[in-house]
Each structure stands twice: as C-alpha cells, then as structure tokens.
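S.K.: First the structure, then my questions, so here it is.
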Amino acid sequence: MRLDGKVALVTGAGSGIGRASALALAGAGAAVVVLGHRKEHADDVLAEIERAGGTGMAVGGDVADEAGMAGIVDQVDERFGRLDVVLANAGINGVWAPLEELTVDEWRTTIDTNLTGTFITVKYAAPLLRRNGGSVVVTSSINGTRTFSNTGASAYSSSKAGQVAFAKMVAVELAQDRVRVNVICPGAIETEIDDNTEQRDLDDVQVPVEYPEGQIPLTHGRPGSAQQVADLVLFLASDAAAHITGTEVWIDGGQSLLV
C-alpha cells in the first residue's frame, strides 16, 4: 500500500481521523496537503509529517467556502502539478435537538459543512484527479447510513446519508477516468468531534435503551481509534483497492448492528 510520488489532499486534517490519515498517507510516501479549519492546526500536522521525513503543504480553509476551496486546489496544482488522493473528511456534529427546536440556520450549518463541503471538495479536485486517475474517500458515519437511534441528530444523519448517495453518483461519473470514490462510515472513534456538538433538550424525545455490555460488541464497549480508521483510508487510497468503487465500509466494531 505505497503511495510514492503521489499527492493527497486531506480536509479536516487538524485532528482526529484527518490527522491520523494525513500521517498514514505521508508514511506511505505521499506528499500530503493538510487542510485544517484553523491554519495553525494544519501547520502542526505538517510539522509532524516533516519530522518523520515526509513532505506536504499546510493550508487553512473552510470546505463550505467555494471560492476558498477552488483557490486551495489551484495552489495544489501550482505546487505539485497533480492530485491523486482526496480524503473529504471535514465535518461537524452540529446541533442535536428535537425537530421542533432545531432551527433552519442550525440545519443549514450542518448540511453546508458536511454535505455541501464534500461536494465542493470533490467538485474542484475532480479535474486534477482525472489527469492520472486516483481515489476519493468520503468520511460519513454509521449515523444516517445504518444507525438511526441518535434521536435529535436529524441534520447530522441527513448530511451523512447524503454523502453516501453523492459518492455513489460520483463513483459512476468519474470511473471512466479511473477515479475511484468510496465512503467510510466510522462508529464511536476517539476523536475531538464531540467538542463541536451541541445537544439540546433531548431527554423527552430519546428512547431509553441500556447496553449492559456496551454498544460495541467487538471491543466490549471501547471506541475505536483514529489510527484504525486511517489504516482503512490508506487501503482505499492505494492500489490494493484498485477494483473497489462506489462502496461504503462501516468501521465500528459491530456497533451499528446492535444499536
């Protein structure tokens, strides 16, 4: 699963799954464009890549900003002249609230970042990917794809379901240029995404369920690690997955089969 001579763009790379994946892709030989919502976080990850002997570029930006993302892809083209791997990973949990209390603005914020941001990322990366073929990996979730028990997460789950549909449509469209598009659906993973979650007034709408032995059968309730997800990203980005496209892969230790 080597990526020598290839260039990868990772969004949401400042922490969690994005950071672990950026390091894994760099470790496999790719030059990695580290895109973080905050430039200083991207700088930190790039410094870590460079200390390990890798190369890349750090940029700050918002995936929902069309002009900004178009400009970042132009920078990639100018610096490297190619793009082979895209991990569309940037996302937020947003606001989780009962339907009547979730505002339209809160809905739009989550959809704009998670779904529209994925669309913008892939849209502007596509011309570069078509040059040599490549791989797109979209970070979705078990929520909205196989699990619907997180009451109040209607905006988040809708955005995640939309990412899967988008990826399948684009997989067919880009296949003629040897660009593969796949989706990863993590369950409970040790990341910082919960830090940007606002849960509001859910007690009255949640269905009470207890799992005495935990929600993750494979690990007796322990969450997975960002590194485990990064290993999956590396596989899907590499030639080892050369005949896989339009597929979602759940990486959750069996959590979504239980909850």
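Identifiers in this document derive from the order of the structure tokens: chains are assigned A, B, ..., residues are numbered from 1 separately in each chain, and ligands are numbered from 1 in order of occurrence.
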Give me, as a tab-separated table, each residue of stretch 19-116 of chain A that comes within 8 Å of stretch 158-182 of chain A, together with its shortest interatomic pair and the distance in Å at one decimal, counting only C-alpha atoms, with rows ordered by chain and rising residue number.

M.R.:
```
residue	atom	partner	partner_atom	distance
A:Thr110	CA	A:Ser159	CA	7.3
A:Ile111	CA	A:Ser159	CA	5.5
A:Asn114	CA	A:Ser159	CA	5.9
A:Leu115	CA	A:Ser159	CA	5.3
```

S.K.: Go ahead and dump the residues you just picked, all heavy atoms, as a PDB file, in the first residue's frame.

M.R.:
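Saved file part_23.pdb follows:
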```
ATOM      1  N   THR A 110     -24.971  22.598   9.491  1.00  0.00           N
ATOM      2  CA  THR A 110     -24.501  21.215   9.442  1.00  0.00           C
ATOM      3  C   THR A 110     -24.469  20.694   8.013  1.00  0.00           C
ATOM      4  O   THR A 110     -23.480  20.080   7.586  1.00  0.00           O
ATOM      5  CB  THR A 110     -25.401  20.314  10.306  1.00  0.00           C
ATOM      6  OG1 THR A 110     -25.394  20.799  11.653  1.00  0.00           O
ATOM      7  CG2 THR A 110     -24.918  18.873  10.290  1.00  0.00           C
ATOM      8  N   ILE A 111     -25.528  20.937   7.250  1.00  0.00           N
ATOM      9  CA  ILE A 111     -25.577  20.473   5.868  1.00  0.00           C
ATOM     10  C   ILE A 111     -24.497  21.155   5.034  1.00  0.00           C
ATOM     11  O   ILE A 111     -23.827  20.527   4.206  1.00  0.00           O
ATOM     12  CB  ILE A 111     -26.968  20.726   5.251  1.00  0.00           C
ATOM     13  CG1 ILE A 111     -28.054  19.945   6.006  1.00  0.00           C
ATOM     14  CG2 ILE A 111     -26.974  20.374   3.765  1.00  0.00           C
ATOM     15  CD1 ILE A 111     -27.926  18.446   5.926  1.00  0.00           C
ATOM     16  N   ASN A 114     -20.967  19.537   6.127  1.00  0.00           N
ATOM     17  CA  ASN A 114     -20.786  18.098   5.912  1.00  0.00           C
ATOM     18  C   ASN A 114     -21.086  17.658   4.486  1.00  0.00           C
ATOM     19  O   ASN A 114     -20.319  16.886   3.903  1.00  0.00           O
ATOM     20  CB  ASN A 114     -21.666  17.318   6.878  1.00  0.00           C
ATOM     21  CG  ASN A 114     -21.261  17.506   8.322  1.00  0.00           C
ATOM     22  OD1 ASN A 114     -20.258  18.151   8.620  1.00  0.00           O
ATOM     23  ND2 ASN A 114     -22.035  16.964   9.239  1.00  0.00           N
ATOM     24  N   LEU A 115     -22.195  18.120   3.934  1.00  0.00           N
ATOM     25  CA  LEU A 115     -22.605  17.647   2.612  1.00  0.00           C
ATOM     26  C   LEU A 115     -22.148  18.575   1.496  1.00  0.00           C
ATOM     27  O   LEU A 115     -21.485  18.157   0.549  1.00  0.00           O
ATOM     28  CB  LEU A 115     -24.126  17.460   2.569  1.00  0.00           C
ATOM     29  CG  LEU A 115     -24.710  16.901   1.269  1.00  0.00           C
ATOM     30  CD1 LEU A 115     -24.036  15.593   0.874  1.00  0.00           C
ATOM     31  CD2 LEU A 115     -26.219  16.699   1.411  1.00  0.00           C
TER      32      LEU A 115
END
```

S.K.: Within 12 Å of A:Ala240, counting only C-alpha atoms, which residues show up once you throw out same-chain ones fewer than 3 positions away? Write them as a list in words, please.

M.R.: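 Returned residues: Met1, Arg2, Leu3, Ser135, Leu232, Val233, Leu234, Phe235, Leu236, Ala237, His243 and Ile244 of chain A.
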
S.K.: Export, as a CSV table (one decimal), in the first residue's frame, the selected residues with N, CA, C and O atoms.

M.R.:
```csv
chain,number,residue,atom,x,y,z
A,1,MET,N,0.8,-1.2,0.0
A,1,MET,CA,0.0,0.0,0.0
A,1,MET,C,0.9,1.2,0.0
A,1,MET,O,0.8,2.1,0.9
A,2,ARG,N,1.8,1.4,-1.0
A,2,ARG,CA,2.7,2.5,-1.1
A,2,ARG,C,2.0,3.6,-2.0
A,2,ARG,O,1.3,3.3,-2.9
A,3,LEU,N,2.3,4.8,-1.7
A,3,LEU,CA,1.8,6.0,-2.4
A,3,LEU,C,3.0,6.9,-2.9
A,3,LEU,O,2.8,8.1,-3.0
A,135,SER,N,-8.1,8.3,-6.2
A,135,SER,CA,-9.0,7.8,-5.2
A,135,SER,C,-9.6,8.9,-4.4
A,135,SER,O,-8.9,9.8,-3.9
A,232,LEU,N,-7.8,2.1,7.2
A,232,LEU,CA,-8.8,1.9,6.2
A,232,LEU,C,-8.7,2.9,5.1
A,232,LEU,O,-8.8,2.6,3.9
A,233,VAL,N,-8.5,4.2,5.4
A,233,VAL,CA,-8.3,5.2,4.4
A,233,VAL,C,-7.1,4.9,3.5
A,233,VAL,O,-7.2,5.0,2.3
A,234,LEU,N,-6.0,4.5,4.1
A,234,LEU,CA,-4.8,4.2,3.3
A,234,LEU,C,-5.1,3.0,2.4
A,234,LEU,O,-4.7,3.1,1.2
A,235,PHE,N,-5.8,2.0,2.8
A,235,PHE,CA,-6.1,0.9,1.9
A,235,PHE,C,-6.9,1.4,0.7
A,235,PHE,O,-6.6,1.1,-0.4
A,236,LEU,N,-8.0,2.1,1.0
A,236,LEU,CA,-8.9,2.6,-0.1
A,236,LEU,C,-8.1,3.6,-1.0
A,236,LEU,O,-8.5,3.7,-2.2
A,237,ALA,N,-7.2,4.3,-0.5
A,237,ALA,CA,-6.4,5.2,-1.3
A,237,ALA,C,-5.4,4.5,-2.2
A,237,ALA,O,-5.0,5.1,-3.2
A,243,HIS,N,-9.9,-2.2,-7.5
A,243,HIS,CA,-11.2,-2.6,-8.1
A,243,HIS,C,-12.4,-2.3,-7.2
A,243,HIS,O,-13.5,-2.8,-7.4
A,244,ILE,N,-12.2,-1.4,-6.3
A,244,ILE,CA,-13.3,-1.0,-5.3
A,244,ILE,C,-13.7,0.4,-5.5
A,244,ILE,O,-12.9,1.3,-5.4
```

S.K.: Could you name the residues that touch stretch 214-219 of chain A at 9 Å or less, counting only C-alpha atoms, but leaving out those on the same chain fewer than 5 positions away, as a list in words?

M.R.: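 Listed by chain and then number, they are Gly187, Ala188, Gly224, Asp252, Gly253, Gly254, Gln255, Ser256, Leu258 and Val259 of chain A.
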
S.K.: Taking into account only C-alpha atoms, which residue in the set A:Gly134, A:Gly91, A:Gly71, A:Gly54 is nearest to A:Ala241?

M.R.: A:Gly134

S.K.: With DSSP run on the backbone, what are the helix (DSSP H, G or I) residues within stretch 20-221 of chain A? I'd like them as JSON, numbers by chain.

M.R.: {"A": [20, 21, 22, 23, 24, 25, 26, 27, 39, 40, 41, 42, 43, 44, 45, 46, 47, 48, 49, 50, 51, 66, 67, 68, 69, 70, 71, 72, 73, 74, 75, 76, 77, 78, 79, 80, 104, 105, 106, 107, 108, 109, 110, 111, 112, 113, 114, 115, 116, 117, 118, 119, 120, 121, 122, 123, 124, 125, 126, 127, 128, 129, 130, 131, 132, 154, 155, 156, 157, 158, 159, 160, 161, 162, 163, 164, 165, 166, 167, 168, 169, 170, 171, 172, 173, 174, 175, 193, 194, 195, 196, 217, 218, 219]}

S.K.: Which value, in Å to one decimal, gives the distance between atom CA of A:Leu129 and atom CA of A:Gln228?

M.R.: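 Distance reported for this atom pair: 25.7 Å.
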
S.K.: Name the closest residue to A:Glu100 among the candidates A:Asn143, A:Gln227, A:Ser154, A:Thr121; distances are taken between atoms, counting only C-alpha atoms.

M.R.: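 Closest residue, counting only C-alpha atoms: A:Ser154.
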
S.K.: Do a neighbour search on A:Gly81 at 12 Å with only C-alpha atoms, toss out local chain neighbours closer than 3 positions, and write the hits as a PyMOL selection string.

M.R.: chain A and resi 5-8+31+73-78+84+127-129+131-132

S.K.: Export N, CA and C atoms of the chosen residues as a short mmCIF file (atom, residue, chain, number, x, y, z; two decimals), in the first residue's frame?

M.R.:
```cif
data_model
loop_
_atom_site.label_atom_id
_atom_site.label_comp_id
_atom_site.auth_asym_id
_atom_site.auth_seq_id
_atom_site.Cartn_x
_atom_site.Cartn_y
_atom_site.Cartn_z
N GLY A 5 5.36 9.16 -4.80
CA GLY A 5 5.18 10.02 -5.96
C GLY A 5 3.79 10.58 -6.11
N LYS A 6 2.89 10.23 -5.20
CA LYS A 6 1.51 10.70 -5.29
C LYS A 6 1.25 11.86 -4.33
N VAL A 7 0.17 12.57 -4.59
CA VAL A 7 -0.19 13.73 -3.78
C VAL A 7 -1.59 13.51 -3.22
N ALA A 8 -1.75 13.76 -1.94
CA ALA A 8 -3.03 13.57 -1.27
C ALA A 8 -3.49 14.87 -0.62
N ALA A 31 2.96 12.97 -0.79
CA ALA A 31 3.03 14.36 -0.33
C ALA A 31 1.62 14.74 0.07
N VAL A 73 -7.24 24.25 -4.32
CA VAL A 73 -6.92 23.27 -5.37
C VAL A 73 -5.97 23.88 -6.40
N ASP A 74 -6.15 25.16 -6.70
CA ASP A 74 -5.21 25.84 -7.60
C ASP A 74 -3.80 25.84 -7.02
N GLN A 75 -3.69 26.04 -5.70
CA GLN A 75 -2.39 26.00 -5.04
C GLN A 75 -1.75 24.62 -5.16
N VAL A 76 -2.58 23.59 -5.01
CA VAL A 76 -2.08 22.22 -5.14
C VAL A 76 -1.54 21.99 -6.55
N ASP A 77 -2.28 22.45 -7.54
CA ASP A 77 -1.86 22.28 -8.93
C ASP A 77 -0.56 23.02 -9.19
N GLU A 78 -0.47 24.24 -8.66
CA GLU A 78 0.73 25.04 -8.88
C GLU A 78 1.94 24.43 -8.20
N ASP A 84 -3.76 12.92 -6.49
CA ASP A 84 -4.08 11.51 -6.66
C ASP A 84 -5.07 10.97 -5.64
N PRO A 127 -10.98 17.73 -11.62
CA PRO A 127 -10.14 17.90 -12.82
C PRO A 127 -8.71 17.42 -12.62
N LEU A 128 -8.14 17.62 -11.44
CA LEU A 128 -6.79 17.14 -11.17
C LEU A 128 -6.77 15.62 -11.04
N LEU A 129 -7.77 15.05 -10.39
CA LEU A 129 -7.83 13.60 -10.22
C LEU A 129 -7.96 12.89 -11.57
N ARG A 131 -6.63 13.55 -14.32
CA ARG A 131 -5.39 13.53 -15.11
C ARG A 131 -4.70 12.17 -15.07
N ASN A 132 -4.61 11.60 -13.89
CA ASN A 132 -3.85 10.36 -13.71
C ASN A 132 -4.66 9.25 -13.07
#
```
